[in-house]
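Undergrad: To be precise about what I am sending: the file is called model.txt and holds compact mmCIF, C-alpha atoms and all ligand atoms.
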```txt
# COMPACT_ATOMS: atom_id res chain seq x y z
CA MET A 1 -33.36 -19.83 14.20
CA LYS A 2 -30.68 -17.53 12.81
CA PRO A 3 -30.46 -17.19 9.01
CA ASN A 4 -27.42 -18.83 7.39
CA VAL A 5 -24.80 -16.72 5.67
CA LEU A 6 -22.01 -17.99 3.45
CA VAL A 7 -18.97 -15.70 3.45
CA TYR A 8 -16.74 -16.10 0.41
CA MET A 9 -13.27 -14.49 0.23
CA ARG A 10 -11.98 -11.13 1.36
CA VAL A 11 -14.76 -9.91 3.63
CA ASP A 12 -13.20 -7.73 6.35
CA LYS A 13 -12.70 -9.65 9.62
CA ARG A 14 -14.43 -6.93 11.67
CA VAL A 15 -17.48 -7.15 9.44
CA ILE A 16 -17.54 -10.96 9.68
CA LYS A 17 -17.47 -10.62 13.49
CA GLU A 18 -20.52 -8.35 13.39
CA LEU A 19 -22.33 -10.73 11.04
CA GLU A 20 -21.63 -13.64 13.41
CA LYS A 21 -23.72 -11.90 16.09
CA GLU A 22 -26.79 -12.02 13.86
CA TYR A 23 -26.32 -15.03 11.58
CA GLU A 24 -24.95 -18.56 11.37
CA VAL A 25 -21.83 -17.75 9.37
CA THR A 26 -19.68 -20.19 7.41
CA SER A 27 -16.56 -18.63 5.86
CA PHE A 28 -14.40 -19.70 2.91
CA HIS A 29 -11.22 -17.76 2.35
CA ASN A 30 -9.88 -19.07 -0.95
CA HIS A 31 -11.00 -20.08 -4.46
CA GLU A 32 -11.01 -23.80 -3.70
CA TYR A 33 -14.69 -24.45 -3.29
CA ILE A 34 -15.54 -26.78 -6.18
CA GLY A 35 -16.00 -30.29 -4.85
CA ASN A 36 -15.53 -29.14 -1.25
CA PRO A 37 -18.30 -30.87 0.76
CA ASP A 38 -18.24 -28.13 3.43
CA PHE A 39 -18.91 -25.52 0.76
CA ASP A 40 -21.72 -27.60 -0.74
CA LEU A 41 -23.37 -27.94 2.68
CA ALA A 42 -23.03 -24.21 3.46
CA LEU A 43 -24.50 -23.40 0.04
CA LYS A 44 -27.46 -25.71 0.61
CA LYS A 45 -28.29 -23.92 3.86
CA ALA A 46 -27.43 -20.36 2.80
CA ASP A 47 -30.04 -17.61 3.01
CA GLY A 48 -27.42 -15.11 1.92
CA ILE A 49 -23.99 -15.03 0.28
CA ILE A 50 -21.53 -12.20 0.82
CA GLY A 51 -18.12 -12.06 -0.82
CA LEU A 52 -15.81 -11.35 -3.68
CA SER A 53 -16.18 -12.74 -7.19
CA LEU A 54 -17.93 -16.02 -6.44
CA LYS A 55 -19.10 -17.26 -9.84
CA VAL A 56 -22.85 -17.45 -9.37
CA THR A 57 -24.12 -19.66 -12.18
CA LYS A 58 -27.32 -21.59 -12.81
CA GLU A 59 -25.58 -24.74 -11.55
CA LEU A 60 -24.54 -23.05 -8.31
CA LEU A 61 -28.06 -21.70 -7.79
CA ASP A 62 -29.54 -25.18 -8.34
CA ASN A 63 -27.63 -26.16 -5.20
CA ALA A 64 -28.75 -23.17 -3.13
CA PRO A 65 -32.46 -23.77 -2.52
CA ASN A 66 -32.85 -21.23 0.33
CA LEU A 67 -30.90 -18.35 -1.18
CA LYS A 68 -32.48 -14.91 -0.97
CA VAL A 69 -29.59 -12.56 -1.68
CA VAL A 70 -26.06 -12.47 -3.14
CA CYS A 71 -23.96 -9.51 -2.00
CA ASN A 72 -20.82 -8.78 -4.00
CA VAL A 73 -17.96 -7.04 -2.23
CA SER A 74 -17.13 -5.33 -5.52
CA VAL A 75 -18.73 -2.86 -7.88
CA GLY A 76 -18.24 -5.15 -10.91
CA TYR A 77 -20.77 -7.95 -11.07
CA ASP A 78 -19.76 -9.91 -14.14
CA ASN A 79 -19.41 -12.93 -11.80
CA LEU A 80 -23.19 -13.01 -11.38
CA ASP A 81 -25.75 -14.54 -13.75
CA LEU A 82 -28.16 -11.68 -13.09
CA GLU A 83 -30.83 -13.03 -15.40
CA GLU A 84 -30.88 -16.38 -13.60
CA LEU A 85 -30.89 -14.69 -10.18
CA SER A 86 -33.82 -12.49 -11.20
CA LYS A 87 -35.73 -15.46 -12.60
CA ARG A 88 -35.48 -17.04 -9.15
CA LYS A 89 -36.32 -13.73 -7.39
CA ILE A 90 -32.96 -13.77 -5.64
CA LEU A 91 -31.67 -10.26 -4.94
CA ALA A 92 -28.17 -9.23 -6.04
CA THR A 93 -26.15 -6.26 -4.80
CA ASN A 94 -22.75 -4.61 -5.37
CA THR A 95 -20.69 -1.82 -3.76
CA PRO A 96 -20.70 1.28 -5.99
CA GLY A 97 -19.29 4.63 -4.93
CA VAL A 98 -17.23 3.64 -1.88
CA LEU A 99 -14.22 2.57 -3.98
CA ASP A 100 -14.03 5.31 -6.61
CA ASP A 101 -11.16 7.38 -5.18
CA THR A 102 -9.15 4.35 -4.07
CA THR A 103 -9.44 2.70 -7.48
CA ALA A 104 -8.68 5.95 -9.29
CA ASP A 105 -5.52 6.36 -7.14
CA ALA A 106 -4.39 2.86 -8.17
CA ILE A 107 -5.16 3.40 -11.85
CA PHE A 108 -3.41 6.75 -11.85
CA GLY A 109 -0.46 5.12 -10.06
CA LEU A 110 -0.34 2.49 -12.80
CA LEU A 111 -0.45 5.19 -15.46
CA LEU A 112 2.44 7.09 -13.83
CA SER A 113 4.44 3.90 -13.23
CA THR A 114 4.08 2.88 -16.86
CA ALA A 115 4.91 6.31 -18.29
CA ARG A 116 7.88 6.90 -15.97
CA ARG A 117 8.96 3.21 -15.93
CA ILE A 118 9.01 3.17 -12.14
CA PRO A 119 9.09 -0.65 -11.53
CA GLU A 120 11.90 -1.11 -14.07
CA LEU A 121 14.00 1.71 -12.64
CA ASP A 122 13.36 0.53 -9.08
CA GLN A 123 14.88 -2.83 -10.10
CA PHE A 124 17.77 -1.02 -11.81
CA VAL A 125 18.70 0.68 -8.54
CA LYS A 126 18.08 -2.32 -6.27
CA SER A 127 20.07 -4.70 -8.47
CA GLY A 128 23.14 -2.47 -8.14
CA GLN A 129 23.26 -1.41 -11.81
CA TRP A 130 23.28 2.33 -11.08
CA ASP A 131 26.97 2.78 -11.55
CA ILE A 132 26.96 4.99 -14.63
CA SER A 133 24.84 7.93 -15.65
CA LEU A 134 21.41 7.06 -16.99
CA GLN A 135 21.06 6.49 -20.72
CA PRO A 136 18.36 8.22 -22.80
CA ASP A 137 16.78 4.84 -23.56
CA GLN A 138 15.89 4.64 -19.86
CA TYR A 139 13.89 7.85 -19.88
CA GLY A 140 10.14 7.83 -19.46
CA VAL A 141 7.56 10.09 -21.08
CA ASP A 142 5.65 13.04 -19.65
CA VAL A 143 2.17 12.62 -18.24
CA HIS A 144 1.29 16.25 -17.45
CA HIS A 145 -0.51 18.26 -20.11
CA LYS A 146 -0.99 15.22 -22.35
CA THR A 147 -4.36 13.92 -23.63
CA LEU A 148 -6.08 11.23 -21.59
CA GLY A 149 -8.88 9.24 -23.24
CA ILE A 150 -11.22 7.51 -20.81
CA ILE A 151 -13.48 4.76 -22.17
CA GLY A 152 -16.16 4.38 -19.49
CA MET A 153 -16.67 7.76 -17.83
CA GLY A 154 -18.63 6.42 -14.86
CA ASN A 155 -17.95 6.79 -11.14
CA ILE A 156 -14.32 5.64 -11.33
CA GLY A 157 -13.72 7.24 -14.72
CA ARG A 158 -14.74 10.61 -13.25
CA ALA A 159 -12.42 10.13 -10.24
CA ILE A 160 -9.57 9.46 -12.70
CA ALA A 161 -10.56 12.52 -14.76
CA ARG A 162 -10.54 14.69 -11.60
CA ARG A 163 -6.94 13.69 -10.86
CA ALA A 164 -5.88 14.17 -14.47
CA HIS A 165 -7.53 17.59 -14.84
CA PHE A 166 -6.69 19.25 -11.52
CA GLY A 167 -3.44 17.46 -10.72
CA PHE A 168 -1.78 17.04 -14.11
CA GLY A 169 -3.37 19.65 -16.39
CA MET A 170 -4.34 16.94 -18.88
CA ASP A 171 -6.88 17.32 -21.68
CA ILE A 172 -9.61 14.73 -21.27
CA LEU A 173 -11.53 12.88 -23.96
CA TYR A 174 -14.12 10.28 -23.08
CA HIS A 175 -16.39 7.73 -24.65
CA ASN A 176 -19.57 6.23 -23.18
CA ARG A 177 -22.83 5.14 -24.75
CA SER A 178 -24.34 8.33 -23.27
CA LYS A 179 -22.81 11.72 -22.51
CA ASN A 180 -21.69 12.60 -18.99
CA LYS A 181 -22.49 16.22 -18.16
CA GLU A 182 -20.67 16.16 -14.82
CA ALA A 183 -17.36 15.19 -16.45
CA GLU A 184 -17.84 17.80 -19.15
CA GLU A 185 -18.65 20.60 -16.72
CA LEU A 186 -16.26 19.78 -13.87
CA TYR A 187 -13.23 18.41 -15.74
CA GLN A 188 -13.72 19.92 -19.20
CA ALA A 189 -13.92 16.42 -20.65
CA SER A 190 -14.91 16.25 -24.33
CA TYR A 191 -17.16 13.51 -25.65
CA CYS A 192 -15.60 11.51 -28.49
CA GLU A 193 -16.59 8.73 -30.83
CA PHE A 194 -14.74 5.52 -29.92
CA ASP A 195 -12.34 5.59 -32.89
CA ASP A 196 -11.57 9.30 -32.46
CA LEU A 197 -10.65 8.72 -28.82
CA LEU A 198 -8.27 5.93 -29.87
CA THR A 199 -6.52 8.00 -32.52
CA GLN A 200 -6.26 11.24 -30.50
CA SER A 201 -5.26 10.09 -26.99
CA ASP A 202 -1.74 9.87 -25.55
CA PHE A 203 -3.12 7.66 -22.76
CA VAL A 204 -6.11 5.36 -23.31
CA CYS A 205 -7.73 4.21 -20.08
CA LEU A 206 -10.39 1.49 -20.12
CA MET A 207 -12.94 1.68 -17.26
CA VAL A 208 -16.10 -0.02 -18.60
CA PRO A 209 -17.88 -2.94 -16.91
CA ALA A 210 -17.49 -6.43 -18.39
CA THR A 211 -20.59 -7.18 -20.45
CA LYS A 212 -21.32 -9.03 -23.71
CA GLU A 213 -20.96 -5.66 -25.44
CA THR A 214 -17.56 -4.80 -23.97
CA GLU A 215 -15.94 -8.23 -24.37
CA LYS A 216 -12.62 -7.75 -26.23
CA MET A 217 -13.63 -4.17 -27.09
CA ILE A 218 -9.90 -3.44 -27.34
CA GLY A 219 -8.21 -5.78 -29.80
CA ALA A 220 -5.79 -5.75 -32.76
CA LYS A 221 -7.82 -3.19 -34.77
CA GLU A 222 -8.06 -0.82 -31.81
CA PHE A 223 -4.33 -1.01 -30.98
CA GLN A 224 -3.53 -0.23 -34.62
CA LYS A 225 -5.65 2.92 -34.40
CA MET A 226 -3.80 4.21 -31.31
CA LYS A 227 -0.74 6.47 -31.61
CA LYS A 228 2.59 4.61 -31.70
CA SER A 229 3.47 6.66 -28.62
CA ALA A 230 0.22 5.71 -26.81
CA ILE A 231 0.13 4.14 -23.37
CA PHE A 232 -2.81 1.82 -22.76
CA ILE A 233 -4.19 1.30 -19.24
CA ASN A 234 -6.74 -1.38 -18.34
CA GLY A 235 -8.31 -0.95 -14.89
CA SER A 236 -11.62 -2.62 -15.77
CA ARG A 237 -11.72 -6.35 -16.47
CA GLY A 238 -9.27 -8.56 -18.37
CA LYS A 239 -11.91 -9.93 -20.70
CA ASN A 240 -12.55 -6.45 -22.11
CA VAL A 241 -9.18 -6.74 -23.89
CA ASP A 242 -7.84 -9.29 -26.36
CA GLU A 243 -4.69 -10.26 -24.43
CA GLU A 244 -3.00 -11.83 -27.44
CA ALA A 245 -3.53 -8.65 -29.44
CA LEU A 246 -2.12 -6.61 -26.55
CA TYR A 247 0.99 -8.80 -26.55
CA HIS A 248 1.51 -8.30 -30.29
CA ALA A 249 0.87 -4.55 -30.08
CA LEU A 250 3.52 -4.24 -27.35
CA VAL A 251 6.08 -6.52 -29.07
CA ASN A 252 5.62 -4.91 -32.49
CA LYS A 253 5.70 -1.41 -30.94
CA GLU A 254 2.27 -0.54 -32.32
CA ILE A 255 1.85 1.21 -28.97
CA HIS A 256 4.54 2.43 -26.59
CA ALA A 257 3.57 0.65 -23.37
CA ALA A 258 0.69 -0.66 -21.26
CA GLY A 259 -0.29 -0.87 -17.62
CA ILE A 260 -2.84 -3.48 -16.55
CA ASP A 261 -4.45 -4.25 -13.20
CA VAL A 262 -6.58 -7.07 -14.61
CA PHE A 263 -6.11 -10.24 -16.68
CA THR A 264 -8.38 -12.52 -18.70
CA ASN A 265 -7.76 -15.32 -16.18
CA GLU A 266 -6.96 -14.41 -12.60
CA PRO A 267 -4.61 -15.16 -11.00
CA THR A 268 -2.79 -15.10 -14.33
CA ASN A 269 -0.58 -18.03 -15.29
CA PRO A 270 3.12 -17.25 -14.62
CA ASP A 271 3.75 -18.46 -18.21
CA ASN A 272 1.56 -15.68 -19.65
CA PRO A 273 3.81 -14.20 -22.42
CA LEU A 274 2.71 -10.70 -21.42
CA LEU A 275 4.76 -11.06 -18.24
CA THR A 276 8.00 -11.21 -20.26
CA LEU A 277 7.57 -7.68 -21.64
CA LYS A 278 9.55 -4.73 -20.37
CA ASN A 279 6.99 -2.23 -21.69
CA LEU A 280 4.17 -3.73 -19.61
CA VAL A 281 3.54 -2.84 -15.97
CA THR A 282 1.16 -5.10 -14.06
CA LEU A 283 -0.72 -5.27 -10.79
CA PRO A 284 -2.64 -8.23 -9.31
CA HIS A 285 -6.18 -6.74 -9.58
CA ILE A 286 -5.69 -4.49 -6.62
CA GLY A 287 -7.50 -1.32 -7.68
CA SER A 288 -9.76 -1.05 -4.66
CA SER A 289 -7.60 -3.02 -2.23
CA THR A 290 -6.50 -0.70 0.54
CA THR A 291 -7.23 -1.51 4.18
CA GLU A 292 -9.71 1.34 4.44
CA CYS A 293 -11.50 0.71 1.17
CA GLU A 294 -11.86 -3.06 1.65
CA TYR A 295 -13.44 -2.30 5.03
CA ASN A 296 -15.88 0.21 3.53
CA MET A 297 -16.81 -2.20 0.75
CA SER A 298 -17.39 -5.02 3.26
CA LYS A 299 -19.54 -2.71 5.39
CA LEU A 300 -21.71 -1.70 2.43
CA ALA A 301 -22.06 -5.33 1.34
CA ALA A 302 -23.13 -6.28 4.89
CA LYS A 303 -25.66 -3.43 4.89
CA ASN A 304 -27.10 -4.82 1.65
CA LEU A 305 -27.23 -8.31 3.17
CA ARG A 306 -28.97 -7.19 6.36
CA ALA A 307 -31.56 -5.19 4.44
CA ALA A 308 -32.39 -8.09 2.15
CA LEU A 309 -32.62 -10.63 4.98
CA ASN A 310 -34.87 -8.19 6.91
CA GLY A 311 -37.20 -7.93 3.91
CA GLU A 312 -36.07 -4.36 3.14
CA LYS A 313 -34.75 -2.98 -0.13
CA PRO A 314 -30.91 -3.11 -0.16
CA PRO A 315 -29.22 0.25 -0.88
CA SER A 316 -27.32 -1.02 -3.92
CA LEU A 317 -29.72 -3.45 -5.48
CA LEU A 318 -28.79 -4.63 -8.98
CA ASN A 319 -31.95 -6.47 -10.01
CA GLU A 320 -34.75 -4.06 -9.21
CA THR A 321 -37.28 -6.33 -10.93
CA SER A 322 -36.68 -9.10 -8.39
CA TRP A 323 -37.59 -6.63 -5.68
CA LEU A 324 -40.71 -5.35 -7.44
CA ILE A 325 -42.13 -8.82 -8.03
CA LYS A 326 -41.52 -10.01 -4.48
N1 LIG A 401 -9.33 -2.85 -11.09
C1 LIG A 401 -10.13 -2.84 -10.05
O1 LIG A 401 -9.75 -3.22 -8.94
C2 LIG A 401 -11.52 -2.36 -10.21
C3 LIG A 401 -12.18 -2.51 -11.40
N2 LIG A 401 -13.46 -2.08 -11.54
C4 LIG A 401 -14.14 -2.21 -12.84
O2 LIG A 401 -14.51 -0.91 -13.28
C5 LIG A 401 -15.82 -0.96 -13.80
C6 LIG A 401 -16.45 0.41 -13.76
O3 LIG A 401 -16.80 0.76 -12.44
P1 LIG A 401 -17.65 2.09 -12.11
O4 LIG A 401 -16.95 3.28 -12.66
O5 LIG A 401 -18.01 2.05 -10.70
O6 LIG A 401 -18.95 1.80 -12.99
P2 LIG A 401 -19.97 2.83 -13.62
O7 LIG A 401 -21.18 2.04 -13.97
O8 LIG A 401 -20.12 4.03 -12.76
O9 LIG A 401 -19.25 3.29 -14.98
C7 LIG A 401 -19.15 2.49 -16.10
C8 LIG A 401 -19.10 3.39 -17.32
O10 LIG A 401 -18.92 2.59 -18.48
C9 LIG A 401 -19.76 3.06 -19.53
N3 LIG A 401 -20.10 1.95 -20.41
C10 LIG A 401 -20.81 0.83 -20.11
N4 LIG A 401 -20.92 0.05 -21.19
C11 LIG A 401 -20.28 0.70 -22.21
C12 LIG A 401 -20.07 0.41 -23.57
N5 LIG A 401 -20.55 -0.70 -24.14
N6 LIG A 401 -19.37 1.29 -24.30
C13 LIG A 401 -18.90 2.44 -23.75
N7 LIG A 401 -19.07 2.77 -22.46
C14 LIG A 401 -19.77 1.91 -21.70
C15 LIG A 401 -20.99 3.61 -18.80
O11 LIG A 401 -21.61 4.67 -19.52
P3 LIG A 401 -22.85 4.39 -20.50
O12 LIG A 401 -23.84 3.57 -19.72
O13 LIG A 401 -23.33 5.75 -20.85
O14 LIG A 401 -22.29 3.68 -21.68
C16 LIG A 401 -20.38 4.18 -17.52
O15 LIG A 401 -20.04 5.52 -17.71
C17 LIG A 401 -16.51 -2.04 -12.95
O16 LIG A 401 -17.61 -2.60 -13.62
C18 LIG A 401 -15.41 -3.04 -12.75
O17 LIG A 401 -15.41 -4.00 -13.77
C19 LIG A 401 -14.10 -1.47 -10.50
C20 LIG A 401 -13.49 -1.31 -9.31
C21 LIG A 401 -12.15 -1.74 -9.03
O1 LIG A 402 -12.67 -5.15 -9.33
C1 LIG A 402 -13.23 -4.72 -8.37
C2 LIG A 402 -14.58 -4.28 -8.37
O2 LIG A 402 -15.00 -3.71 -7.34
O3 LIG A 402 -15.28 -4.49 -9.36
```
Could I get this file's structure written as structure tokens?

TA:
Amino acid sequence: MKPNVLVYMRVDKRVIKELEKEYEVTSFHNHEYIGNPDFDLALKKADGIIGLSLKVTKELLDNAPNLKVVCNVSVGYDNLDLEELSKRKILATNTPGVLDDTTADAIFGLLLSTARRIPELDQFVKSGQWDISLQPDQYGVDVHHKTLGIIGMGNIGRAIARRAHFGFGMDILYHNRSKNKEAEELYQASYCEFDDLLTQSDFVCLMVPATKETEKMIGAKEFQKMKKSAIFINGSRGKNVDEEALYHALVNKEIHAAGIDVFTNEPTNPDNPLLTLKNLVTLPHIGSSTTECEYNMSKLAAKNLRAALNGEKPPSLLNETSWLIK
């Protein structure tokens, strides 16, 4: 009998086709799974889950008696209750490395769009308002040779630093819990205490994972420490930022502007007051979403799934202890 695999959201079609040759696959392509009897049945039978951002809680696991592995098609894994998975000896995997350049491109694009007000000026042209010469209050600010502070100098942080250093001649500050020699040597990044990074950077870019420690790590106090001319970029997770404080900082001009790819609740409510602000540029959590990158992420997730279901160690295993005690 073939093992059962539950596919949840945004797994590449070509990868699903390959999986169907080896497994009994049941696919769900949207968020609407709660109370869906088909989902409940697939979960009950599932040996493996592969997909994007399925909230794997204790309650969900109670209804998945055969589960052996959960394979995220993402590098972030704040959707997983890792402790609970480990307790049950269920393996968990993510997709590090294959999305670094794609995500860094998106985050750098957001930074440029915010600094040079690209979405606003695009609308200005398209709405037929370009009938007089531009006014100084429509100008953007320079990016090149400014100071970029990266909070979370990991895989993606380093790919952002590479672009900033070689492409834009920027000075790079960074903050982590531990120093990153590669960033220091290759991109001349300087380690900074958290508060010093906030006060000294022209651009503050948040790239940490979502954990208990990083929840709302940027809030009212942090915005007040930033330069009034600072541009804040969040490419990590919405819950790492106090959204209400961001709104007030932007309205009260405590900072100049912000660019965010992520929201506290996604998809964000159209009534979110942040969406009314001219000095905020947004994206719908699309950092790693190019055709090529989504395919590579799906392939790595499938490789993790196959390994686990074959009793082998998956290449990007998150809960090593579950493997060791097997
Ligand atoms: N917008 C999007 O589409 C995407 C968003 N992401 C988000 O980006 C995050 C980072 O991804 P990636 O670069 O691959 O991950 P990495 O693990 O490579 O990097 C994370 C970095 O954050 C630092 N960090 C962790 N906790 C803290 C803390 N409490 N204070 C300061 N620094 C901290 C780590 O350093 P140290 O351990 O030394 O503190 C590490 O350098 C993901 O977890 C995900 O949430 C990822 C991909 C796409
Ligand atoms: O947000 C995307 C991820 O890979 O994490």

Undergrad: Report as a PyMOL selection string all protein, DNA and RNA residues lying within 12 Å of Leu274 in chain A, evaluated on all atoms listed in the file, omitting residues in the same chain fewer than 2 positions from it.

TA: chain A and resi 242-251+257-260+263-264+268-272+276-282

Undergrad: Give me, as a ChimeraX atom specification, all polymer residues having an atom no more than 10 Å from Phe166 in chain A, counting all atoms listed in the file and skipping those fewer than 4 positions away in the same chain.

TA: /A:161-162,170,186-187

Undergrad: Just the number, please: distance in Å from CA of His145 in chain A to atom O3 of ligand LIG 402 (chain A), one decimal.

TA: 29.2 Å

Undergrad: Each residue of range 287-306 of chain A with at least one atom at most 8 Å from range 10-33 of chain A should appear once, together with its nearest atom pair and the corresponding distance in Å (one decimal); atoms considered: only C-alpha atoms; ordering: chain, then increasing residue number; output as CSV.

TA:
```
residue,atom,partner,partner_atom,distance
A:Glu294,CA,A:Asp12,CA,6.8
A:Tyr295,CA,A:Asp12,CA,5.6
A:Ser298,CA,A:Val11,CA,5.6
A:Lys299,CA,A:Val15,CA,6.4
A:Ala302,CA,A:Val15,CA,7.3
```

Undergrad: Residues contacting ligand LIG 402 (chain A) - anything with an atom at most 12 Å away, using only C-alpha atoms and all ligand atoms - can you give me those as a ChimeraX atom specification?

TA: /A:10,51-53,71-80,93-104,106-107,155-156,207-210,234-238,261-263,266,284-290,293-294,296-298,301

Undergrad: With C-alpha atoms retained, export the selected residues as a short mmCIF file (atom, residue, chain, number, x, y, z; two decimals), in the coordinates of the input.

TA:
```
data_model
loop_
_atom_site.label_atom_id
_atom_site.label_comp_id
_atom_site.auth_asym_id
_atom_site.auth_seq_id
_atom_site.Cartn_x
_atom_site.Cartn_y
_atom_site.Cartn_z
CA ARG A 10 -11.98 -11.13 1.36
CA GLY A 51 -18.12 -12.06 -0.82
CA LEU A 52 -15.81 -11.35 -3.68
CA SER A 53 -16.18 -12.74 -7.19
CA CYS A 71 -23.96 -9.51 -2.00
CA ASN A 72 -20.82 -8.78 -4.00
CA VAL A 73 -17.96 -7.04 -2.23
CA SER A 74 -17.13 -5.33 -5.52
CA VAL A 75 -18.73 -2.86 -7.88
CA GLY A 76 -18.24 -5.15 -10.91
CA TYR A 77 -20.77 -7.95 -11.07
CA ASP A 78 -19.76 -9.91 -14.14
CA ASN A 79 -19.41 -12.93 -11.80
CA LEU A 80 -23.19 -13.01 -11.38
CA THR A 93 -26.15 -6.26 -4.80
CA ASN A 94 -22.75 -4.61 -5.37
CA THR A 95 -20.69 -1.82 -3.76
CA PRO A 96 -20.70 1.28 -5.99
CA GLY A 97 -19.29 4.63 -4.93
CA VAL A 98 -17.23 3.64 -1.88
CA LEU A 99 -14.22 2.57 -3.98
CA ASP A 100 -14.03 5.31 -6.61
CA ASP A 101 -11.16 7.38 -5.18
CA THR A 102 -9.15 4.35 -4.07
CA THR A 103 -9.44 2.70 -7.48
CA ALA A 104 -8.68 5.95 -9.29
CA ALA A 106 -4.39 2.86 -8.17
CA ILE A 107 -5.16 3.40 -11.85
CA ASN A 155 -17.95 6.79 -11.14
CA ILE A 156 -14.32 5.64 -11.33
CA MET A 207 -12.94 1.68 -17.26
CA VAL A 208 -16.10 -0.02 -18.60
CA PRO A 209 -17.88 -2.94 -16.91
CA ALA A 210 -17.49 -6.43 -18.39
CA ASN A 234 -6.74 -1.38 -18.34
CA GLY A 235 -8.31 -0.95 -14.89
CA SER A 236 -11.62 -2.62 -15.77
CA ARG A 237 -11.72 -6.35 -16.47
CA GLY A 238 -9.27 -8.56 -18.37
CA ASP A 261 -4.45 -4.25 -13.20
CA VAL A 262 -6.58 -7.07 -14.61
CA PHE A 263 -6.11 -10.24 -16.68
CA GLU A 266 -6.96 -14.41 -12.60
CA PRO A 284 -2.64 -8.23 -9.31
CA HIS A 285 -6.18 -6.74 -9.58
CA ILE A 286 -5.69 -4.49 -6.62
CA GLY A 287 -7.50 -1.32 -7.68
CA SER A 288 -9.76 -1.05 -4.66
CA SER A 289 -7.60 -3.02 -2.23
CA THR A 290 -6.50 -0.70 0.54
CA CYS A 293 -11.50 0.71 1.17
CA GLU A 294 -11.86 -3.06 1.65
CA ASN A 296 -15.88 0.21 3.53
CA MET A 297 -16.81 -2.20 0.75
CA SER A 298 -17.39 -5.02 3.26
CA ALA A 301 -22.06 -5.33 1.34
#
```

Undergrad: Between CA of Met153 in chain A and CA of Leu317 in chain A, what is the spacing in Å?

TA: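 For CA of Leu317 in chain A relative to CA of Met153 in chain A, the distance reads 21.2 Å.
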
Undergrad: Using all atoms of range 26-44 of chain A listed in the file and a margin of 8 Å per side, can you give the axis-aligned box centre and edge lengths in Å to one decimal, as JSON?

TA:
```
{"center_x": -18.7, "center_y": -24.3, "center_z": 0.6, "size_x": 33.6, "size_y": 29.1, "size_z": 29.6}
```

Undergrad: Could you give me, as a PDB file with C-alpha atoms, in the coordinates of the input, the residues within 6 Å of range 215-227 of chain A, counting only C-alpha atoms and dropping anything in the same chain fewer than 5 positions from it?

TA:
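Final file, selection.pdb:
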```
ATOM      1  CA  LEU A 198      -8.270   5.930 -29.870  1.00  0.00           C
ATOM      2  CA  THR A 199      -6.520   8.000 -32.520  1.00  0.00           C
ATOM      3  CA  LYS A 239     -11.910  -9.930 -20.700  1.00  0.00           C
ATOM      4  CA  ASN A 240     -12.550  -6.450 -22.110  1.00  0.00           C
ATOM      5  CA  VAL A 241      -9.180  -6.740 -23.890  1.00  0.00           C
ATOM      6  CA  ASP A 242      -7.840  -9.290 -26.360  1.00  0.00           C
ATOM      7  CA  ALA A 245      -3.530  -8.650 -29.440  1.00  0.00           C
TER       8      ALA A 245
END
```

Undergrad: Report, in Å to a single decimal, how far apart CA of Leu91 in chain A and atom N7 of ligand LIG 401 (chain A) are.

TA: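 Computing it gives 25.2 Å between the two atoms.
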
Undergrad: Using all atoms listed in the file, find the one residue out of A:Lys313, A:Arg177, A:His165, A:Lys253 that sits nearest to ligand LIG 401 (chain A).

TA: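 Among the listed residues, the smallest separation from ligand LIG 401 (chain A) belongs to A:Arg177.
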
Undergrad: Just checking: using all atoms listed in the file, which residue out of A:Leu110, A:Leu121, A:Asn304, A:Thr321 ends up closest to ligand LIG 401 (chain A)?

TA: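 Checking each of A:Leu110, A:Leu121, A:Asn304, A:Thr321 against ligand LIG 401 (chain A), counting all atoms listed in the file, the winner is A:Leu110.
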
Undergrad: Skip Ala92 in chain A itself and residues of its chain fewer than 4 positions away, then list as a VMD selection string all residues within 9 Å of it, counting all atoms listed in the file.

TA: chain A and resid 68 to 72 80 82 85 to 86 304 314 316 to 320 322

Undergrad: Return the single residue from A:Leu283, A:Ile151, A:Leu275, A:Ile255 that is closest to ligand LIG 401 (chain A), with distances computed using only C-alpha atoms and all ligand atoms.

TA: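 Nearest candidate to ligand LIG 401 (chain A) out of A:Leu283, A:Ile151, A:Leu275, A:Ile255: A:Ile151.
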
Undergrad: I'd like to know which of A:Thr291, A:Gln200, A:Asn252, A:Asn176 is closest to ligand LIG 401 (chain A), using all atoms listed in the file.

TA: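 Among the listed residues, A:Asn176 lies closest to ligand LIG 401 (chain A).
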
Undergrad: Restricting the calculation to only C-alpha atoms and all ligand atoms: of A:Val141, A:Met9, A:Ile160, A:Leu300, which residue gets closest to ligand LIG 401 (chain A)?

TA: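 Nearest candidate to ligand LIG 401 (chain A) out of A:Val141, A:Met9, A:Ile160, A:Leu300: A:Ile160.
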
Undergrad: Which of these, A:Asp195, A:Glu254, A:Asp40, A:Asp142, has the shortest distance to ligand LIG 401 (chain A) once you count all atoms listed in the file?

TA: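 Residue with the minimum atom-to-atom distance to ligand LIG 401 (chain A): A:Asp195.
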